[in-house]
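Asker: Got a structure for you, start_25.tsv, holding TSV, C-alpha atoms.
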```
chain	number	residue	atom	x	y	z
A	65	MET	CA	0.00	0.00	0.00
A	66	LYS	CA	2.83	2.37	0.90
A	67	LYS	CA	4.45	1.62	-2.44
A	68	LEU	CA	1.21	2.40	-4.27
A	69	ILE	CA	0.78	5.72	-2.45
A	70	LEU	CA	4.42	6.60	-3.10
A	71	PHE	CA	4.00	5.76	-6.81
A	72	VAL	CA	0.89	7.91	-7.07
A	73	VAL	CA	2.58	10.84	-5.30
A	74	VAL	CA	5.70	10.60	-7.50
A	75	PHE	CA	3.59	10.23	-10.68
A	76	CYS	CA	1.50	13.28	-9.81
A	77	ALA	CA	4.60	15.31	-8.96
A	78	ILE	CA	6.29	14.45	-12.27
A	79	HIS	CA	3.14	15.06	-14.28
A	80	ARG	CA	2.54	18.43	-12.58
A	81	SER	CA	6.14	19.44	-13.11
A	82	SER	CA	6.05	18.65	-16.83
A	83	SER	CA	2.69	20.41	-17.23
A	84	ALA	CA	4.07	23.53	-15.59
A	85	GLU	CA	6.94	23.62	-18.10
A	86	ASP	CA	4.59	23.45	-21.13
A	87	LYS	CA	3.79	27.03	-21.97
A	88	SER	CA	2.12	28.26	-25.09
A	89	LEU	CA	3.11	31.85	-25.72
A	90	THR	CA	1.13	34.63	-27.37
A	91	VAL	CA	2.81	37.62	-28.98
A	92	TYR	CA	1.22	40.81	-30.31
A	93	ALA	CA	2.78	42.61	-33.28
A	94	TYR	CA	1.59	46.13	-34.09
A	95	VAL	CA	1.96	46.73	-37.81
A	96	ASN	CA	2.06	49.81	-40.03
A	97	GLY	CA	0.37	49.70	-43.43
A	98	LEU	CA	-2.28	47.18	-42.44
A	99	VAL	CA	-5.33	48.60	-44.26
A	100	CYS	CA	-7.20	45.81	-46.06
A	101	ASP	CA	-8.02	42.12	-46.21
A	102	PHE	CA	-5.25	41.47	-48.77
A	103	CYS	CA	-2.73	42.93	-46.29
A	104	ALA	CA	-4.16	40.72	-43.55
A	105	ARG	CA	-4.00	37.70	-45.83
A	106	ALA	CA	-0.36	38.43	-46.73
A	107	LEU	CA	0.65	38.54	-43.07
A	108	GLU	CA	-1.44	35.50	-42.20
A	109	MET	CA	0.19	33.44	-44.94
A	110	THR	CA	3.76	34.67	-44.37
A	111	ILE	CA	3.82	34.19	-40.59
A	112	GLY	CA	1.31	31.34	-40.37
A	113	LYS	CA	3.46	28.97	-42.43
A	114	LYS	CA	6.17	28.88	-39.74
A	115	ASP	CA	6.27	25.60	-37.81
A	116	ALA	CA	6.34	27.30	-34.42
A	117	VAL	CA	3.08	29.14	-35.09
A	118	LYS	CA	-0.10	27.47	-33.83
A	119	ALA	CA	-2.57	30.19	-34.84
A	120	ILE	CA	-2.59	33.74	-36.09
A	121	ASN	CA	-5.25	36.39	-35.90
A	122	VAL	CA	-5.19	39.73	-37.72
A	123	ASN	CA	-7.13	42.66	-36.29
A	124	LEU	CA	-7.54	45.37	-38.93
A	125	LYS	CA	-9.14	47.86	-36.59
A	126	ASP	CA	-6.30	47.86	-34.05
A	127	LYS	CA	-3.62	47.00	-36.69
A	128	VAL	CA	-2.35	44.18	-34.53
A	129	ILE	CA	-1.45	40.57	-35.29
A	130	THR	CA	-1.92	38.04	-32.50
A	131	ILE	CA	0.46	35.10	-32.85
A	132	ASN	CA	-0.13	31.96	-30.77
A	133	PHE	CA	2.86	29.65	-30.64
A	134	LYS	CA	2.92	25.91	-30.12
A	135	ASP	CA	3.91	24.67	-26.66
A	136	ASN	CA	7.47	25.57	-25.75
A	137	GLN	CA	8.10	27.22	-29.10
A	138	ARG	CA	8.32	30.79	-30.29
A	139	LEU	CA	9.93	33.01	-32.91
A	140	GLU	CA	12.37	35.71	-31.92
A	141	ASP	CA	11.06	39.26	-32.26
A	142	SER	CA	13.70	39.93	-34.91
A	143	VAL	CA	12.40	36.98	-36.96
A	144	ILE	CA	8.79	38.21	-36.64
A	145	SER	CA	9.90	41.69	-37.74
A	146	GLN	CA	11.73	40.24	-40.72
A	147	LEU	CA	8.72	38.17	-41.77
A	148	ILE	CA	6.45	41.22	-41.59
A	149	ASN	CA	8.98	43.27	-43.57
A	150	ASP	CA	9.24	40.47	-46.14
A	151	ALA	CA	5.46	40.61	-46.56
A	152	GLY	CA	5.77	44.33	-47.36
A	153	TYR	CA	4.80	45.91	-44.02
A	154	THR	CA	6.65	47.46	-41.09
A	155	VAL	CA	6.54	46.68	-37.39
A	156	ARG	CA	5.69	49.36	-34.88
A	157	GLU	CA	6.04	47.22	-31.78
A	158	ILE	CA	6.08	43.60	-30.61
A	159	THR	CA	4.86	42.85	-27.09
A	160	ASP	CA	3.82	39.88	-24.95
A	161	GLU	CA	0.82	41.78	-23.67
A	162	LYS	CA	-2.02	43.31	-25.60
A	163	LYS	CA	-2.41	47.03	-25.12
B	13	MET	CA	12.80	51.48	-85.76
B	14	LYS	CA	10.48	48.68	-84.68
B	15	PHE	CA	13.44	46.62	-83.50
B	16	THR	CA	14.90	49.60	-81.59
B	17	ILE	CA	11.68	50.27	-79.71
B	18	PHE	CA	11.24	46.58	-78.95
B	19	THR	CA	14.83	46.47	-77.66
B	20	ILE	CA	14.14	49.45	-75.39
B	21	LEU	CA	11.01	47.81	-74.00
B	22	PHE	CA	12.83	44.51	-73.54
B	23	THR	CA	15.77	46.22	-71.80
B	24	PHE	CA	13.36	48.06	-69.54
B	25	PHE	CA	11.62	44.78	-68.76
B	26	CYS	CA	14.94	43.09	-67.87
B	27	PHE	CA	15.95	46.09	-65.78
B	28	ASN	CA	12.79	45.58	-63.76
B	29	ILE	CA	13.75	42.01	-63.01
B	30	THR	CA	16.92	43.12	-61.28
B	31	LYS	CA	15.30	46.07	-59.51
B	32	ALA	CA	12.35	44.20	-58.09
B	33	ARG	CA	10.41	45.59	-55.10
B	34	PRO	CA	7.49	44.23	-53.07
B	35	VAL	CA	4.18	43.64	-54.79
B	36	SER	CA	2.56	40.70	-53.02
B	37	TYR	CA	3.61	38.37	-50.24
B	38	PRO	CA	6.13	35.60	-51.02
B	39	GLY	CA	4.38	32.77	-52.79
B	40	GLY	CA	1.22	34.81	-53.45
B	41	LEU	CA	-0.89	34.01	-56.49
B	42	THR	CA	-3.25	36.60	-57.94
B	43	LEU	CA	-5.93	36.36	-60.60
B	44	MET	CA	-7.46	39.55	-62.03
B	45	LEU	CA	-10.38	39.54	-64.42
B	46	MET	CA	-11.37	42.99	-65.73
B	47	ASN	CA	-14.27	43.81	-68.04
B	48	SER	CA	-15.48	47.22	-69.15
B	49	GLY	CA	-16.70	49.05	-72.23
B	50	MET	CA	-13.06	49.68	-73.19
B	51	LYS	CA	-11.53	46.23	-72.82
B	52	ASN	CA	-11.63	42.73	-71.40
B	53	SER	CA	-8.52	41.42	-69.68
B	54	LEU	CA	-7.23	38.50	-67.69
B	55	HIS	CA	-4.05	38.89	-65.69
B	56	THR	CA	-2.56	36.24	-63.46
B	57	HIS	CA	0.70	36.67	-61.60
B	58	TYR	CA	2.95	35.04	-59.06
B	59	SER	CA	5.22	36.68	-56.50
B	60	SER	CA	8.21	34.50	-55.80
B	61	THR	CA	9.29	37.04	-53.20
B	62	ALA	CA	7.52	40.06	-51.81
B	63	LYS	CA	9.57	42.17	-54.18
B	64	THR	CA	7.94	41.63	-57.54
B	65	SER	CA	5.25	39.86	-59.48
B	66	LEU	CA	5.60	38.18	-62.82
B	67	GLY	CA	2.62	37.01	-64.79
B	68	TYR	CA	0.68	36.59	-67.98
B	69	LYS	CA	-1.84	39.09	-69.27
B	70	ILE	CA	-4.26	38.94	-72.16
B	71	GLU	CA	-6.25	42.03	-73.15
B	72	TYR	CA	-8.87	42.57	-75.81
B	73	TRP	CA	-9.40	46.22	-76.70
B	74	ARG	CA	-12.94	46.51	-78.00
B	75	GLY	CA	-12.79	49.79	-79.93
B	76	ASP	CA	-9.84	48.95	-82.15
B	77	GLU	CA	-10.40	45.19	-82.05
B	78	PHE	CA	-6.98	43.95	-81.10
B	79	THR	CA	-5.61	41.50	-78.57
B	80	LEU	CA	-2.44	41.84	-76.52
B	81	ASN	CA	-0.77	38.71	-75.14
B	82	MET	CA	1.98	39.70	-72.75
B	83	ILE	CA	4.29	38.73	-69.96
B	84	GLN	CA	3.86	41.46	-67.37
B	85	MET	CA	6.03	42.46	-64.48
B	86	ASN	CA	4.94	44.73	-61.63
B	87	ASN	CA	7.44	46.24	-59.25
B	88	LEU	CA	6.79	48.14	-56.08
B	89	ILE	CA	9.35	50.92	-56.17
B	90	LYS	CA	8.35	52.48	-52.87
B	91	ARG	CA	5.82	51.80	-50.14
B	92	TRP	CA	4.97	54.14	-47.31
B	93	ASN	CA	3.54	52.18	-44.38
B	94	LYS	CA	1.88	54.41	-41.78
B	95	PRO	CA	-0.11	53.41	-38.66
B	96	GLU	CA	-3.45	54.11	-40.37
B	97	SER	CA	-2.60	54.16	-44.08
B	98	GLN	CA	-0.50	52.81	-46.89
B	99	ALA	CA	0.82	54.42	-50.08
B	100	ASN	CA	2.57	52.78	-53.01
B	101	PHE	CA	4.46	53.65	-56.14
B	102	TYR	CA	4.57	50.88	-58.76
B	103	LEU	CA	6.31	50.40	-62.05
B	104	LYS	CA	4.64	48.08	-64.54
B	105	SER	CA	5.91	46.77	-67.83
B	106	ALA	CA	5.08	44.08	-70.32
B	107	ILE	CA	6.28	42.58	-73.56
B	108	GLY	CA	4.52	40.24	-75.92
B	109	ALA	CA	2.51	40.20	-79.12
B	110	ALA	CA	-0.45	42.05	-80.58
B	111	LEU	CA	-3.00	40.54	-82.91
B	112	SER	CA	-5.58	42.66	-84.73
B	113	ASP	CA	-9.08	41.46	-85.59
B	114	LYS	CA	-9.79	44.53	-87.69
B	115	ALA	CA	-10.47	43.92	-91.37
B	116	ASP	CA	-7.95	46.64	-92.29
B	117	PHE	CA	-5.12	44.62	-90.78
B	118	GLU	CA	-6.16	41.11	-91.86
B	119	SER	CA	-5.14	39.45	-88.59
B	120	LYS	CA	-1.84	41.29	-88.49
B	121	LYS	CA	0.60	40.30	-85.77
B	122	ASN	CA	3.22	42.54	-84.16
B	123	PHE	CA	5.55	42.82	-81.25
B	124	ALA	CA	3.95	44.79	-78.44
B	125	GLY	CA	4.67	46.10	-75.00
B	126	PHE	CA	3.86	48.77	-72.49
B	127	ILE	CA	5.40	50.69	-69.65
B	128	GLY	CA	3.67	52.73	-66.99
B	129	ILE	CA	3.39	53.74	-63.39
B	130	SER	CA	0.73	53.39	-60.75
B	131	THR	CA	0.47	55.15	-57.43
B	132	ASP	CA	-2.10	54.87	-54.68
B	133	TRP	CA	-2.93	55.91	-51.14
B	134	GLU	CA	-5.51	54.29	-48.94
B	135	ASN	CA	-6.72	53.87	-45.43
B	136	GLN	CA	-9.78	51.96	-44.35
B	137	ARG	CA	-12.06	54.87	-45.25
B	138	TYR	CA	-10.61	56.46	-48.41
B	139	PHE	CA	-8.87	55.20	-51.54
B	140	ILE	CA	-7.17	57.15	-54.33
B	141	GLN	CA	-5.21	55.76	-57.26
B	142	TYR	CA	-3.59	57.17	-60.37
B	143	SER	CA	-2.21	54.96	-63.10
B	144	ASN	CA	-0.91	55.43	-66.62
B	145	ARG	CA	0.74	53.45	-69.37
B	146	TYR	CA	2.05	53.84	-72.88
B	147	THR	CA	1.31	50.87	-75.12
B	148	LYS	CA	3.25	50.20	-78.28
B	149	ALA	CA	1.83	47.77	-80.82
B	150	PHE	CA	3.41	49.46	-83.87
B	151	GLU	CA	1.16	49.40	-86.97
B	152	ILE	CA	-1.77	48.01	-84.98
B	153	LYS	CA	-2.03	50.69	-82.29
B	154	ASP	CA	0.16	52.96	-80.17
B	155	PHE	CA	-1.63	54.74	-77.39
B	156	TYR	CA	-1.35	56.41	-74.01
B	157	THR	CA	-3.96	55.83	-71.35
B	158	GLN	CA	-4.38	56.99	-67.77
B	159	PHE	CA	-7.00	56.80	-65.07
B	160	ILE	CA	-7.85	58.05	-61.64
B	161	HIS	CA	-9.78	55.85	-59.22
B	162	LEU	CA	-11.43	57.20	-56.07
B	163	GLY	CA	-13.28	55.41	-53.30
B	164	ILE	CA	-14.96	55.91	-49.97
B	165	ALA	CA	-16.09	53.21	-47.54
B	166	PRO	CA	-19.41	53.89	-45.78
B	167	TYR	CA	-18.37	51.69	-42.84
B	168	ILE	CA	-15.17	50.10	-41.61
B	169	GLY	CA	-15.16	46.35	-41.28
B	170	GLU	CA	-12.89	43.79	-39.69
B	171	TYR	CA	-10.81	41.20	-41.53
B	172	GLY	CA	-13.20	38.66	-43.06
B	173	ASP	CA	-16.19	41.02	-43.14
B	174	ILE	CA	-17.69	42.18	-46.41
B	175	HIS	CA	-16.13	45.58	-47.07
B	176	THR	CA	-18.14	47.89	-49.31
B	177	TRP	CA	-16.76	50.85	-51.25
B	178	PHE	CA	-18.47	53.55	-53.32
B	179	MET	CA	-16.08	54.25	-56.16
B	180	ILE	CA	-15.59	56.15	-59.36
B	181	LYS	CA	-13.06	55.54	-62.11
B	182	ILE	CA	-12.22	58.10	-64.78
B	183	ASP	CA	-10.28	56.81	-67.78
B	184	HIS	CA	-8.59	59.14	-70.24
B	185	THR	CA	-7.28	57.78	-73.52
B	186	PRO	CA	-6.57	60.62	-75.98
B	187	GLU	CA	-6.14	58.28	-78.98
B	188	PHE	CA	-9.62	56.76	-78.67
B	189	ASP	CA	-12.85	58.15	-80.11
B	190	ARG	CA	-14.39	58.05	-76.67
B	191	ASN	CA	-11.44	59.52	-74.85
B	192	ILE	CA	-13.00	60.02	-71.42
B	193	VAL	CA	-14.93	57.25	-69.71
B	194	ILE	CA	-16.48	57.80	-66.28
B	195	THR	CA	-17.53	54.68	-64.39
B	196	PRO	CA	-19.22	54.86	-60.99
B	197	HIS	CA	-19.22	51.47	-59.32
B	198	LEU	CA	-19.34	49.46	-56.13
B	199	ARG	CA	-16.46	47.43	-54.72
B	200	PHE	CA	-17.05	44.45	-52.46
B	201	PHE	CA	-14.08	43.02	-50.69
B	202	LYS	CA	-13.98	39.94	-48.48
B	203	ASN	CA	-10.93	37.96	-47.47
B	204	VAL	CA	-9.25	36.87	-50.73
B	205	HIS	CA	-12.03	38.03	-53.06
B	206	LEU	CA	-12.60	41.49	-54.53
B	207	VAL	CA	-15.47	42.28	-56.88
B	208	GLU	CA	-16.24	45.58	-58.65
B	209	VAL	CA	-19.57	46.12	-60.38
B	210	GLY	CA	-20.76	49.23	-62.17
B	211	ALA	CA	-21.57	50.89	-65.45
B	212	ASP	CA	-20.09	53.86	-67.27
B	213	THR	CA	-22.05	56.94	-68.30
B	214	LYS	CA	-22.91	55.29	-71.65
B	215	GLY	CA	-24.29	52.24	-69.86
B	216	LYS	CA	-21.39	49.88	-70.58
B	217	ILE	CA	-21.04	47.33	-67.79
B	218	MET	CA	-17.95	47.07	-65.61
B	219	PHE	CA	-17.28	43.80	-63.87
B	220	ASN	CA	-13.95	43.11	-62.21
B	221	TYR	CA	-12.91	40.20	-60.04
B	222	VAL	CA	-9.64	39.76	-58.17
B	223	PHE	CA	-8.65	36.63	-56.30
B	224	ARG	CA	-5.49	36.41	-54.25
B	225	TYR	CA	-4.23	33.19	-52.74
```
Mind turning this structure into structure tokens?

Answerer:
Amino acid sequence: MKKLILFVVVFCAIHRSSSAEDKSLTVYAYVNGLVCDFCARALEMTIGKKDAVKAINVNLKDKVITINFKDNQRLEDSVISQLINDAGYTVREITDEKK
Amino acid sequence: MKFTIFTILFTFFCFNITKARPVSYPGGLTLMLMNSGMKNSLHTHYSSTAKTSLGYKIEYWRGDEFTLNMIQMNNLIKRWNKPESQANFYLKSAIGAALSDKADFESKKNFAGFIGISTDWENQRYFIQYSNRYTKAFEIKDFYTQFIHLGIAPYIGEYGDIHTWFMIKIDHTPEFDRNIVITPHLRFFKNVHLVEVGADTKGKIMFNYVFRY
């Protein structure tokens, strides 16, 4: 019985520890020149094709792209900026928190 | 003379290849179908990078009954990205062949090409565009054409909504009998689809469709 309790405690501790390490990150990129659906589509396609990206949402009103990354993955801000520049737009700011 | 002009157009075309600037996003495919009282055209292009687009264009000019089959290149020379707006300056050029349907020419074929510029400014409420081009098809037709395109959106939508624009396009082609054509129209824009529907002041229908993937 003691062994069973010990096993359960250890299992829960390991599982909790690994769950705590799994973090999916969200980044917000504020973009200049974002004025129409074609612009939104360009950014969606250019950034969305990266393996680390789980989902992307483009908000035309606030001119912000919300990028959700897969667990324990992300793109450096410099890479995000480059991708946005490659799509023909410029980055105003990249933050981890929405304004 | 014909060879010299063709060489100039070809050189200009090649120059564009090396001086490419953004047009669409890398890997973007675009299909543009344009129909009006002046012409019918189909233009499809591919952007291998965000710097330039290369594609095929076929145009049928109704008044003078000739067809242009061309390889067209568009280059974005300069883009101004602002927090609430975007402005662009494009260079466009094409080379190919012209074929006349007119009885006078008996299906005559010629080298053809054009060069021109296009500039626009837009935000989510207003749109303004000016574009011109000089087309050279030698004995078949040489002509200069330009237009201004204005638009206003009655409401501002979010990505994926149907965006509606009230627009007017004014074409000026000095070489044509009807040298000014005014076309009020509506633009509907949703996601990867753009449709323009209207009629000019003589009742000729305009129908344009653009698809970008």

Asker: How many Å separate CA of Arg91 (chain B) from CA of Leu103 (chain B)?

Answerer: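 Interatomic distance, CA of Arg91 (chain B) to CA of Leu103 (chain B): 12.0 Å.
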
Asker: Hey, which of B:Tyr171, B:Tyr142, B:Tyr221, B:Phe126 ends up closest to Val122 (chain A)? Count only C-alpha atoms.

Answerer: B:Tyr171

Asker: In terms of the shortest atom-to-atom distance over only C-alpha atoms, which of B:Val193, B:Leu206, B:Leu198, B:Met85 is closest to chain A?

Answerer: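 For chain A, the nearest of the given residues is B:Leu206.
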
Asker: From the options B:Thr42, B:Ser53, B:Ser143, B:Asn47, which residue's atoms come nearest to chain A, counting all atoms listed in the file?

Answerer: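 Once distances to chain A are computed over all atoms listed in the file, the minimum belongs to B:Thr42.
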
Asker: For a test of reading the model, state the distance in Å between CA of Arg224 (chain B) and CA of Trp73 (chain B), rounded to one decimal.

Answerer: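 Distance between the two atoms: 24.8 Å.
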
Asker: For a quick test of understanding: name the residues of chain B lying within 8 Å of chain A when counting all atoms listed in the file, and present them as a PyMOL selection string.

Answerer: chain B and resi 34-38+40+61-62+91-98+134-136+169-172+201-204+224

Asker: Quick one: everything within 9 Å of Lys153 (chain B), counting all atoms listed in the file, minus sequence neighbours fewer than 5 positions away in the same chain. Send it as number ranges by chain.

Answerer: B: 76, 78, 110, 147-148

Asker: What would the list of residues within 7 Å of (-3.4, 42.8, -67.6) (file frame) look like as a list in words, if only C-alpha atoms are what count?

Answerer: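 So the residues meeting the distance criterion are Ser53, Leu54, His55, Lys69, Ile70 and Glu71 of chain B.
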
Asker: What's the separation between CA of Ala109 (chain B) and CA of Met46 (chain B), in Å to one decimal place?

Answerer: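 So the two atoms, CA of Ala109 (chain B) and CA of Met46 (chain B), lie 19.5 Å apart.
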
Asker: Smallest atom-to-atom distance to Lys120 (chain B): which of B:Ile89, B:Val207, B:Ala99, B:Ile152, using all atoms listed in the file?

Answerer: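 Smallest separation from Lys120 (chain B) among the options: B:Ile152.
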